[in-house]
$ cat start-v7.txt   # compact mmCIF, C-alpha atoms
# COMPACT_ATOMS: atom_id res chain seq x y z
CA MET A 85 -20.66 26.44 -8.33
CA ALA A 86 -20.81 23.16 -10.23
CA ASP A 87 -24.49 23.82 -11.05
CA ASP A 88 -23.51 26.39 -13.66
CA VAL A 89 -22.27 23.49 -15.79
CA GLY A 90 -25.89 22.62 -16.40
CA ARG A 91 -26.34 19.67 -18.69
CA ALA A 92 -24.08 20.90 -21.54
CA ALA A 93 -22.07 17.72 -21.98
CA GLU A 94 -22.00 14.62 -19.79
CA GLN A 95 -20.58 11.15 -19.83
CA VAL A 96 -20.67 8.39 -17.25
CA ILE A 97 -17.59 6.22 -16.99
CA ALA A 98 -17.08 3.00 -15.07
CA ALA A 99 -13.77 2.26 -13.40
CA TYR A 100 -12.69 -0.13 -10.63
CA GLY A 101 -16.25 -0.93 -9.64
CA LEU A 102 -17.25 2.75 -9.43
CA ARG A 103 -19.36 4.97 -11.66
CA VAL A 104 -18.16 8.52 -12.25
CA LEU A 105 -20.09 11.29 -13.98
CA LEU A 106 -18.04 13.76 -16.00
CA ARG A 107 -19.63 17.08 -16.94
CA GLY A 108 -18.33 19.97 -19.00
CA THR A 109 -19.74 23.33 -20.10
CA ASP A 110 -19.27 22.13 -23.66
CA SER A 111 -18.02 19.13 -25.59
CA ALA A 112 -14.45 20.45 -25.58
CA ALA A 113 -14.47 20.63 -21.77
CA LEU A 114 -15.90 17.11 -21.57
CA GLU A 115 -13.26 15.91 -24.02
CA LEU A 116 -10.55 17.35 -21.78
CA LEU A 117 -11.98 15.50 -18.78
CA LEU A 118 -12.17 12.22 -20.69
CA ASP A 119 -8.67 12.66 -22.03
CA SER A 120 -7.30 13.31 -18.54
CA MET A 121 -9.00 10.48 -16.66
CA PRO A 122 -6.35 8.13 -15.36
CA GLY A 123 -6.55 4.40 -15.04
CA ASP A 124 -8.54 1.72 -16.78
CA TRP A 125 -12.06 3.02 -17.47
CA ARG A 126 -14.80 2.57 -20.03
CA GLN A 127 -17.77 4.62 -21.07
CA ALA A 128 -21.00 3.55 -19.40
CA GLU A 129 -24.68 4.26 -19.81
CA LYS A 130 -26.44 6.79 -17.61
CA GLY A 131 -29.20 5.52 -15.40
CA ARG A 132 -27.70 2.05 -15.03
CA GLY A 133 -26.46 2.45 -11.49
CA ARG A 134 -25.63 4.96 -8.79
CA THR A 135 -22.99 7.52 -9.65
CA ALA A 136 -20.36 7.70 -6.95
CA VAL A 137 -18.90 11.12 -7.73
CA VAL A 138 -19.20 13.95 -10.25
CA PHE A 139 -16.25 15.80 -11.75
CA SER A 140 -17.27 18.99 -13.52
CA LEU A 141 -15.25 21.41 -15.63
CA VAL A 142 -16.50 24.94 -16.13
CA ALA A 143 -14.75 26.90 -18.87
CA CYS A 144 -15.51 30.61 -18.74
CA ARG A 145 -13.62 33.47 -20.29
CA ARG A 146 -9.99 32.92 -19.53
CA GLU A 147 -10.23 30.50 -16.68
CA TYR A 148 -11.23 26.98 -15.81
CA LYS A 149 -12.92 25.73 -12.66
CA LEU A 150 -12.76 22.07 -11.76
CA TYR A 151 -15.21 20.63 -9.22
CA ARG A 152 -15.66 17.37 -7.41
CA ASP A 153 -19.38 17.25 -6.66
CA HIS A 154 -19.88 20.80 -5.33
CA GLU A 155 -16.35 21.32 -4.06
CA GLU A 156 -14.11 23.55 -6.14
CA LEU A 157 -10.78 21.79 -6.61
CA VAL A 158 -8.93 24.34 -8.69
CA ARG A 159 -9.56 27.62 -10.51
CA THR A 160 -6.90 28.48 -13.08
CA PRO A 161 -6.20 29.55 -16.66
CA ASP A 162 -3.61 26.74 -16.85
CA LEU A 163 -5.02 23.68 -18.60
CA ALA A 164 -2.08 21.54 -17.56
CA LEU A 165 -2.86 22.28 -13.90
CA VAL A 166 -6.50 21.34 -14.49
CA ARG A 167 -5.40 18.02 -15.96
CA GLN A 168 -2.95 17.38 -13.18
CA THR A 169 -5.55 18.14 -10.52
CA LEU A 170 -8.13 15.84 -12.09
CA ILE A 171 -5.57 13.05 -12.44
CA GLY A 172 -4.61 13.40 -8.79
CA PHE A 173 -8.12 13.58 -7.34
CA ALA A 174 -9.61 10.90 -9.57
CA GLY A 175 -6.79 8.52 -8.78
CA ARG A 176 -7.12 9.14 -5.05
CA TYR A 177 -10.87 8.65 -5.29
CA PHE A 178 -10.51 5.27 -7.00
CA GLY A 179 -7.90 4.25 -4.48
CA GLU A 180 -10.00 5.15 -1.49
CA PHE A 181 -13.39 3.86 -2.58
CA SER A 182 -12.84 1.01 -5.01
CA ARG A 183 -13.52 -2.39 -3.55
CA ALA A 184 -12.79 -4.19 -6.79
CA ARG A 185 -9.08 -3.44 -6.44
CA THR A 186 -6.68 -2.54 -3.65
CA PHE A 187 -4.64 0.50 -4.64
CA VAL A 188 -1.04 0.62 -3.47
CA HIS A 189 0.84 3.87 -3.98
CA ALA A 190 3.56 2.50 -6.24
CA GLY A 191 5.13 2.68 -9.64
CA VAL A 192 4.67 -0.45 -11.74
CA VAL A 193 6.61 -1.73 -14.72
CA ALA A 194 6.70 -5.11 -16.41
CA LEU A 195 9.59 -7.27 -17.48
CA ASN A 196 9.25 -10.67 -19.15
CA GLY A 197 5.50 -10.62 -18.65
CA ARG A 198 5.63 -10.03 -14.89
CA ALA A 199 5.26 -6.85 -12.85
CA ILE A 200 7.76 -5.01 -10.66
CA LEU A 201 6.20 -2.87 -7.91
CA VAL A 202 8.18 0.18 -6.79
CA ALA A 203 6.44 1.32 -3.61
CA GLY A 204 7.15 4.59 -1.83
CA LYS A 205 5.71 7.84 -0.59
CA GLN A 206 5.94 11.23 -2.32
CA ASN A 207 9.50 12.48 -2.74
CA SER A 208 11.03 9.03 -2.26
CA GLY A 209 12.20 8.88 -5.88
CA LYS A 210 9.65 6.28 -6.88
CA THR A 211 8.79 7.97 -10.21
CA THR A 212 12.45 8.44 -11.09
CA LEU A 213 13.19 4.77 -10.49
CA THR A 214 10.07 3.76 -12.44
CA ALA A 215 11.22 5.89 -15.38
CA ALA A 216 14.73 4.42 -15.14
CA LEU A 217 13.29 0.90 -15.34
CA VAL A 218 11.34 1.91 -18.45
CA GLU A 219 14.50 3.29 -20.01
CA ALA A 220 16.20 -0.02 -19.15
CA GLY A 221 13.62 -1.85 -21.24
CA ALA A 222 10.64 -2.45 -18.95
CA VAL A 223 7.05 -1.78 -20.02
CA TYR A 224 5.28 1.03 -18.16
CA LEU A 225 2.10 0.21 -16.24
CA SER A 226 1.86 3.09 -13.76
CA ASP A 227 3.90 5.60 -11.78
CA GLU A 228 1.30 6.34 -9.09
CA TYR A 229 -0.89 3.38 -8.20
CA ALA A 230 -0.77 -0.39 -8.39
CA PRO A 231 -4.38 -1.67 -8.45
CA ILE A 232 -4.22 -5.23 -7.12
CA ASP A 233 -6.88 -7.89 -7.59
CA ASP A 234 -7.84 -10.94 -5.54
CA ARG A 235 -5.23 -13.08 -7.28
CA GLY A 236 -2.43 -10.68 -6.41
CA ARG A 237 -2.13 -9.47 -10.01
CA VAL A 238 -1.43 -5.84 -10.78
CA HIS A 239 -3.54 -3.93 -13.26
CA PRO A 240 -2.33 -0.96 -15.34
CA PHE A 241 -3.09 2.54 -14.15
CA ALA A 242 -2.03 4.76 -17.00
CA ARG A 243 -1.38 8.47 -16.66
CA PRO A 244 1.49 10.71 -17.75
CA LEU A 245 4.53 10.42 -15.52
CA SER A 246 4.65 13.23 -12.98
CA PHE A 247 8.13 14.61 -12.23
CA ARG A 248 8.80 17.13 -9.51
CA GLU A 249 10.59 20.26 -10.75
CA PRO A 250 13.74 21.42 -8.96
CA GLY A 251 12.65 23.31 -5.85
CA GLY A 252 9.76 20.90 -5.37
CA VAL A 253 7.02 23.46 -5.94
CA SER A 254 5.54 22.25 -9.20
CA THR A 255 5.58 19.22 -11.43
CA ARG A 256 5.70 18.50 -15.12
CA LEU A 257 3.85 15.77 -16.94
CA GLN A 258 5.57 13.63 -19.52
CA SER A 259 4.11 10.84 -21.60
CA ILE A 260 5.71 7.44 -21.36
CA GLU A 261 6.12 7.38 -25.13
CA ALA A 262 8.27 10.51 -24.90
CA LEU A 263 10.61 8.51 -22.65
CA GLY A 264 10.83 5.78 -25.24
CA GLY A 265 8.58 3.45 -23.28
CA ILE A 266 5.43 1.54 -24.20
CA GLN A 267 2.23 1.28 -22.20
CA GLY A 268 1.12 -2.06 -20.77
CA THR A 269 -2.51 -3.08 -21.00
CA ARG A 270 -2.92 -6.39 -19.17
CA ALA A 271 -3.05 -7.48 -15.54
CA LEU A 272 0.16 -9.24 -14.57
CA PRO A 273 1.46 -11.38 -11.70
CA VAL A 274 4.19 -9.71 -9.62
CA SER A 275 7.79 -10.84 -9.88
CA LEU A 276 9.40 -8.36 -7.48
CA VAL A 277 8.48 -5.73 -4.88
CA VAL A 278 11.02 -2.93 -4.51
CA LEU A 279 11.24 -0.46 -1.61
CA ALA A 280 14.19 1.73 -2.57
CA PRO A 281 13.95 5.33 -1.44
CA TYR A 282 16.69 7.61 -2.69
CA THR A 283 19.28 8.07 0.07
CA GLY A 284 22.39 8.79 -1.98
CA ALA A 285 23.87 5.38 -1.14
CA ARG A 286 26.86 4.51 -3.27
CA ARG A 287 25.43 1.10 -4.12
CA TRP A 288 22.02 -0.49 -3.63
CA ARG A 289 22.36 -3.32 -1.11
CA PRO A 290 18.80 -4.31 -0.24
CA ARG A 291 17.75 -6.92 2.27
CA ARG A 292 15.07 -9.42 1.47
CA LEU A 293 11.88 -9.14 3.52
CA THR A 294 9.71 -12.04 4.63
CA PRO A 295 6.28 -12.18 2.95
CA GLY A 296 4.62 -10.91 6.12
CA ARG A 297 7.01 -7.98 6.60
CA ALA A 298 6.67 -7.14 2.92
CA ALA A 299 2.89 -7.10 3.22
CA LEU A 300 3.19 -4.66 6.15
CA GLU A 301 5.44 -2.42 4.07
CA LEU A 302 2.93 -2.41 1.22
CA LEU A 303 0.07 -1.78 3.66
CA ASN A 304 1.91 1.38 4.66
CA HIS A 305 1.35 2.60 1.11
CA THR A 306 -2.19 1.30 0.64
CA VAL A 307 -4.86 3.93 0.15
CA SER A 308 -7.69 1.86 1.64
CA ALA A 309 -5.62 0.33 4.45
CA GLN A 310 -8.01 1.60 7.11
CA THR A 311 -11.27 1.44 5.19
CA ALA A 312 -10.95 -2.00 3.54
CA SER A 313 -8.35 -3.72 5.66
CA GLN A 314 -9.54 -7.28 5.14
CA GLN A 315 -9.35 -7.00 1.37
CA ALA A 316 -6.01 -5.25 1.65
CA LEU A 317 -4.48 -8.03 3.76
CA GLU A 318 -5.80 -10.72 1.44
CA ARG A 319 -4.54 -9.08 -1.73
CA LEU A 320 -1.21 -7.89 -0.36
CA GLY A 321 -0.62 -11.35 1.10
CA ALA A 322 -1.30 -12.83 -2.36
CA VAL A 323 1.39 -10.55 -3.81
CA THR A 324 4.08 -11.10 -1.21
CA THR A 325 3.74 -14.87 -0.96
CA SER A 326 4.48 -15.16 -4.66
CA ALA A 327 7.09 -12.43 -5.17
CA PRO A 328 10.25 -11.50 -3.23
CA ALA A 329 10.47 -8.03 -1.68
CA LEU A 330 13.72 -6.06 -1.45
CA LYS A 331 14.21 -3.03 0.76
CA GLY A 332 17.14 -0.63 1.00
CA GLY A 333 18.23 2.94 0.31
CA ARG A 334 19.62 3.57 -3.15
CA GLY A 335 21.77 5.93 -5.13
CA GLU A 336 21.27 6.82 -8.78
CA ALA A 337 18.11 5.39 -10.30
CA ALA A 338 19.81 4.20 -13.48
CA ASP A 339 22.29 2.08 -11.52
CA THR A 340 19.56 0.58 -9.36
CA ALA A 341 17.39 -0.14 -12.38
CA ARG A 342 20.27 -2.00 -14.04
CA LEU A 343 20.75 -4.14 -10.93
CA ILE A 344 17.05 -4.96 -10.79
CA VAL A 345 16.85 -5.89 -14.47
CA ARG A 346 20.00 -8.00 -14.19
CA ARG A 347 18.59 -9.83 -11.18
CA LEU A 348 15.34 -10.60 -12.93
CA ARG A 349 17.05 -11.79 -16.07
CA ARG A 350 19.20 -14.27 -14.14
CA PRO A 351 18.25 -17.87 -14.99
CA MET B 189 -0.47 -16.20 33.73
CA SER B 190 -2.83 -13.34 33.00
CA THR B 191 -3.44 -10.67 35.56
CA ASN B 192 -6.44 -12.73 36.77
CA ASN B 193 -4.54 -16.05 36.70
CA ARG B 194 -6.47 -17.23 33.65
CA LEU B 195 -4.66 -19.18 30.97
CA PRO B 196 -3.61 -17.16 27.89
CA GLN B 197 -6.44 -16.54 25.47
CA ALA B 198 -5.94 -15.10 22.00
CA ARG B 199 -8.08 -12.12 21.15
CA ARG B 200 -10.38 -12.63 18.15
CA ASP B 201 -12.97 -9.84 18.27
CA GLY B 202 -12.11 -6.79 16.22
CA LEU B 203 -9.27 -8.52 14.41
CA VAL B 204 -8.80 -9.40 10.74
CA VAL B 205 -6.44 -12.35 10.38
CA ARG B 206 -4.62 -13.54 7.28
CA ASP B 207 -2.49 -16.69 7.49
CA LEU B 208 0.67 -16.83 5.39
CA PRO B 209 2.82 -19.98 5.05
CA ASP B 210 5.11 -19.17 8.03
CA GLU B 211 3.65 -15.94 9.42
CA VAL B 212 0.35 -14.42 10.39
CA LEU B 213 -0.90 -10.96 9.48
CA VAL B 214 -3.33 -9.36 11.91
CA TYR B 215 -5.21 -6.09 11.47
CA ASP B 216 -6.65 -4.58 14.63
CA LEU B 217 -9.82 -2.70 13.71
CA GLU B 218 -9.89 -0.98 17.09
CA ASP B 219 -6.65 0.95 16.73
CA ASN B 220 -5.85 0.52 13.01
CA LYS B 221 -2.60 -1.24 13.73
CA ALA B 222 -1.35 -4.07 11.55
CA HIS B 223 0.91 -6.78 12.94
CA CYS B 224 3.07 -9.48 11.44
CA LEU B 225 3.65 -12.44 13.76
CA ASN B 226 6.68 -14.52 12.87
CA GLN B 227 6.45 -18.29 12.90
CA THR B 228 7.17 -18.68 16.61
CA ALA B 229 4.85 -15.93 17.78
CA ALA B 230 2.13 -17.22 15.45
CA ALA B 231 2.48 -20.75 16.81
CA VAL B 232 2.19 -19.58 20.41
CA TRP B 233 -0.80 -17.39 19.54
CA ARG B 234 -2.53 -20.37 17.96
CA HIS B 235 -2.19 -22.28 21.22
CA CYS B 236 -3.65 -19.47 23.31
CA ASP B 237 -7.08 -21.08 23.67
CA GLY B 238 -7.66 -20.30 27.34
CA GLU B 239 -7.07 -23.96 28.23
CA THR B 240 -3.36 -24.53 27.61
CA THR B 241 -0.66 -23.81 30.15
CA VAL B 242 2.73 -22.41 29.23
CA SER B 243 4.30 -25.75 30.00
CA GLU B 244 1.90 -27.55 27.67
CA MET B 245 2.54 -24.95 24.98
CA SER B 246 6.28 -25.51 25.08
CA PHE B 247 5.69 -29.27 24.86
CA ARG B 248 3.37 -28.92 21.86
CA LEU B 249 5.70 -26.50 20.09
CA ALA B 250 8.61 -28.88 20.62
CA ARG B 251 6.56 -31.60 18.96
CA GLU B 252 5.42 -29.33 16.12
CA PHE B 253 8.89 -28.09 15.27
CA SER B 254 10.85 -31.19 16.26
CA THR B 255 13.14 -29.15 18.48
CA PRO B 256 13.28 -28.46 22.23
CA VAL B 257 11.39 -25.30 23.18
CA ASP B 258 12.21 -23.59 26.43
CA GLU B 259 9.35 -22.12 28.45
CA ASP B 260 11.23 -18.80 28.37
CA VAL B 261 10.60 -18.69 24.63
CA VAL B 262 6.88 -19.16 25.19
CA TRP B 263 6.82 -16.46 27.87
CA LEU B 264 8.68 -14.07 25.59
CA ALA B 265 6.10 -14.69 22.88
CA LEU B 266 3.22 -14.17 25.31
CA GLU B 267 4.68 -10.90 26.54
CA THR B 268 5.18 -9.69 22.98
CA LEU B 269 1.64 -10.68 22.01
CA SER B 270 0.33 -9.02 25.11
CA LYS B 271 2.07 -5.71 24.31
CA SER B 272 0.49 -5.83 20.84
CA SER B 273 -2.99 -6.27 22.39
CA LEU B 274 -3.42 -9.66 20.76
CA LEU B 275 -4.42 -11.46 23.96
CA GLU B 276 -7.72 -11.11 25.77
CA GLU B 277 -5.88 -10.08 28.90
CA PRO B 278 -2.30 -9.00 29.47
CA VAL B 279 -0.01 -11.75 30.74
CA VAL B 280 2.13 -11.36 33.80
CA ARG B 281 4.88 -13.85 34.39
CA PRO B 282 4.68 -15.18 37.96
CA THR B 283 8.46 -15.03 38.41
CA PRO B 284 10.90 -12.77 36.55
CA GLY B 285 12.20 -14.50 33.45
CA LEU B 286 15.07 -14.01 31.06
CA ALA B 287 15.45 -10.88 29.00
CA ARG B 288 15.01 -11.24 25.27
CA ARG B 289 18.72 -11.24 24.54
CA ASP B 290 19.29 -13.95 27.14
CA VAL B 291 16.58 -16.11 25.57
CA VAL B 292 18.38 -15.82 22.26
CA ARG B 293 21.75 -16.59 23.77
CA ARG B 294 20.60 -19.47 25.95
CA ALA B 295 18.51 -21.22 23.33
CA GLY B 296 21.24 -20.88 20.71
CA LEU B 297 18.58 -19.63 18.37
CA ALA B 298 21.09 -18.69 15.71
CA VAL B 299 21.22 -22.37 14.78
CA SER B 300 17.74 -23.35 15.87
CA VAL B 301 14.85 -24.05 13.53
CA LEU B 302 12.71 -21.78 15.69
CA ALA B 303 13.16 -18.01 15.47
CA VAL B 304 12.97 -15.63 18.41
CA PRO B 305 9.27 -14.81 18.75
CA ALA B 306 8.58 -11.42 17.24
CA VAL B 307 5.64 -9.22 16.34
CA PHE B 308 6.27 -6.39 13.87
CA SER B 309 3.69 -3.62 13.83
CA VAL B 310 2.73 -0.59 11.78
CA LEU B 311 0.00 1.97 12.14
CA ALA B 312 -2.14 1.70 9.02
CA PRO B 313 -2.13 4.99 7.14
CA THR B 314 -5.14 7.10 6.26
CA ALA B 315 -5.79 7.52 2.54
CA SER B 316 -3.92 10.83 2.55
CA ALA B 317 -0.94 9.54 4.48
CA ALA B 318 -0.65 6.47 2.24
CA VAL B 319 -0.10 8.74 -0.75
CA CYS B 320 1.39 11.96 0.54
CA GLY B 321 3.38 10.96 3.58
CA GLY B 322 2.95 14.52 4.79
CA THR B 323 6.13 15.86 3.26
CA CYS B 324 4.89 19.09 1.77
CA GLY B 325 6.11 21.52 4.39
CA GLY B 326 4.34 22.00 7.69
CA GLY B 327 0.65 22.14 8.55
CA ILE B 328 -0.23 19.76 5.77
CA VAL B 329 -3.72 18.97 4.65
CA CYS B 330 -3.30 16.50 1.81
CA THR B 331 -6.27 16.48 -0.47
CA GLY B 332 -4.88 14.95 -3.66
CA THR B 333 -1.59 13.30 -4.49
CA CYS B 334 0.68 16.15 -3.43
CA THR B 335 2.00 16.74 -6.89
CA VAL B 336 1.88 20.46 -6.24
CA CYS B 337 2.76 22.25 -3.03
CA ALA B 338 0.88 25.51 -2.80
CA PRO B 339 2.69 28.52 -1.32
CA ASN B 340 0.67 28.08 1.88
CA ASN B 341 2.06 24.52 2.13
CA ILE B 342 -1.30 22.95 1.43
CA CYS B 343 -0.92 19.93 -0.87
CA GLN B 344 -2.86 20.46 -4.06

$ encode --input "start-v7.txt" --output "structure tokens"
Amino acid sequence: MADDVGRAAEQVIAAYGLRVLLRGTDSAALELLLDSMPGDWRQAEKGRGRTAVVFSLVACRREYKLYRDHEELVRTPDLALVRQTLIGFAGRYFGEFSRARTFVHAGVVALNGRAILVAGKQNSGKTTLTAALVEAGAVYLSDEYAPIDDRGRVHPFARPLSFREPGGVSTRLQSIEALGGIQGTRALPVSLVVLAPYTGARRWRPRRLTPGRAALELLNHTVSAQTASQQALERLGAVTTSAPALKGGRGEAADTARLIVRRLRRP
Amino acid sequence: MSTNNRLPQARRDGLVVRDLPDEVLVYDLEDNKAHCLNQTAAAVWRHCDGETTVSEMSFRLAREFSTPVDEDVVWLALETLSKSSLLEEPVVRPTPGLARRDVVRRAGLAVSVLAVPAVFSVLAPTASAAVCGGTCGGGIVCTGTCTVCAPNNICQ
């Protein structure tokens, strides 16, 4: 159980209005947790507020056990799987319980100082299109979540890009730098919302959504849609009244990314 | 009129409302549905104060939008709002009216400033559904971000 971590190594972090306690059997385990935490967080002092959740890593013999509070999330000798699991659960936790930001499940890149949101569910090709936009010259902000504030700005949510392997059973993590991209660090206003699931279409011919319809589409990908609906409507409305939204099935990501970049660079 | 012959009354309890420039977003806390009312539906909904007849509504809308507004358009909006549970009581038209397509055709709405009243709705997702979409095989219990599908089809 998580109690066998004891008090070996601990650190409280603050992220998105939440306090998270990270515990490891030793400093190396704690370092792994800190290195894997996604999003925009900072170290915080213990005892300065209620801790919302505890992630613990127990390293024993040849295997690792990762816990959320007292729930075992994964037990494996594979460090990459431990990292991936923490990234996934921590991100979901922030998305569900943060009230400081509304988390939309979306990839985010920036071009000319403004953000492009690529919203979509798992397996829609969202990460592939996000990567293609980075390769076309955009700055990477996130490939999983778009944390949105009251002004409709999107904040970075950094983590390695997660690509599904052929067969769909496992994924590989790849740093944005390895793709030739750079990581954004500032909150940005949104210039475009893209809903472009991969359908094999020969050419991407999206239709433009009204601000209200676009907000509904984004709500469909909002983690706290049911639990913080008022905030979600306010923030999504702030995004879609200031940025156009385009929806349509696409073909190859590289072609679609070129069209998007060309559109945004038009005078 | 409503089933009890009362004038149309917009529902307010249990709703979160966000006005946009030409549309209205409504979140229904009772069934977790989110609605987008287009300009026409939103205008009719605004006039559903329990004191305004359909005839008065069409007159006011005509003044607001500087274009003639047929009562059939108002009835269509009321029926649509009613189906989306956005009125206190369902409306029942006293006499059969025109079907939606006939309203469009008759009012020549393709060139009108006023769109056919419409309410678009989605069921708000749970936290899991917002991320996973339930695509990892059958019998899914999504507990993370579905980056790994376990052999038993449980999202890890």

$ atom_distance --input "start-v7.txt" --atom1 "CA of Asp237 in chain B" --atom2 "CA of Gly296 in chain A"
23.4 Å

$ residues_around --input "start-v7.txt" --residues "Val345 in chain A" --least-positions-apart "6" --cutoff "9 Å" --atoms "all atoms listed in the file" --output "PyMOL selection string"
chain A and resi 195+217+220-222

$ closest_residue --input "start-v7.txt" --among "B:Met245, B:Val204, B:Leu195, B:Val261" --to "chain A" --atoms "all atoms listed in the file"
B:Val204

$ closest_atom_pairs --input "start-v7.txt" --of "chain A" --to "chain B" --cutoff "6 Å" --atoms "all atoms listed in the file" --output "CSV"
residue,atom,partner,partner_atom,distance
A:Gly172,CA,B:Thr333,CA,5.3
A:Phe173,CA,B:Gly332,CA,5.1
A:His189,CA,B:Val319,CA,5.9
A:Lys205,CA,B:Gly321,CA,5.7
A:Gln206,CA,B:Cys320,CA,5.4
A:Val253,CA,B:Cys337,CA,5.3
A:Ser254,CA,B:Val336,CA,5.0
A:Gly296,CA,B:Cys224,CA,5.7
A:Asn304,CA,B:Pro313,CA,6.0
A:His305,CA,B:Ala318,CA,4.5
A:Thr306,CA,B:Ala318,CA,5.6
A:Val307,CA,B:Ala315,CA,4.4
A:Ala309,CA,B:Ala312,CA,5.9

$ atom_distance --input "start-v7.txt" --atom1 "CA of Ala229 in chain B" --atom2 "CA of Val323 in chain A"
22.5 Å

$ residues_around --input "start-v7.txt" --residues "Arg234 in chain B" --least-positions-apart "5" --cutoff "12 Å" --atoms "all atoms listed in the file" --output "PyMOL selection string"
chain B and resi 196-200+205+207+211-212+225+227-229+239-240+245+248-249+262+265-266+269+274-275

$ atom_distance --input "start-v7.txt" --atom1 "CA of Thr340 in chain A" --atom2 "CA of Arg291 in chain A"
14.0 Å

$ residues_around --input "start-v7.txt" --residues "Tyr100 in chain A" --least-positions-apart "6" --cutoff "7 Å" --atoms "all atoms listed in the file" --output "ChimeraX atom specification"
/A:178,182,184-185

$ residues_around --input "start-v7.txt" --residues "Glu267 in chain B" --least-positions-apart "4" --cutoff "10 Å" --atoms "all atoms listed in the file" --output "PyMOL selection string"
chain B and resi 261-263+271-273+275+278-281+305

$ closest_residue --input "start-v7.txt" --among "A:Ile171, A:Leu102, A:Ala203, A:Leu343" --to "Ala242 in chain A" --atoms "only C-alpha atoms"
A:Ile171

$ closest_residue --input "start-v7.txt" --among "A:Val223, A:Val274, A:Leu150, A:Ala174" --to "Ala199 in chain A" --atoms "all atoms listed in the file"
A:Val274

$ closest_residue --input "start-v7.txt" --among "A:Arg292, A:Lys331, A:Arg145, A:Arg103" --to "Ala128 in chain A" --atoms "only C-alpha atoms"
A:Arg103

$ residues_around --input "start-v7.txt" --residues "Asp234 in chain A" --least-positions-apart "6" --cutoff "9 Å" --atoms "all atoms listed in the file" --output "MDAnalysis selection string"
chainID A and resid 184:186 315 318:320 322

$ residues_near_point --input "start-v7.txt" --point "(-9.4, 3.9, -15.6)" --cutoff "10 Å" --atoms "all atoms listed in the file" --output "list of chain:residue names"
A:Ile97, A:Ala98, A:Ala99, A:Tyr100, A:Met121, A:Pro122, A:Gly123, A:Asp124, A:Trp125, A:Arg126, A:Ala174, A:Gly175, A:Phe178, A:Pro240, A:Phe241, A:Ala242, A:Arg243
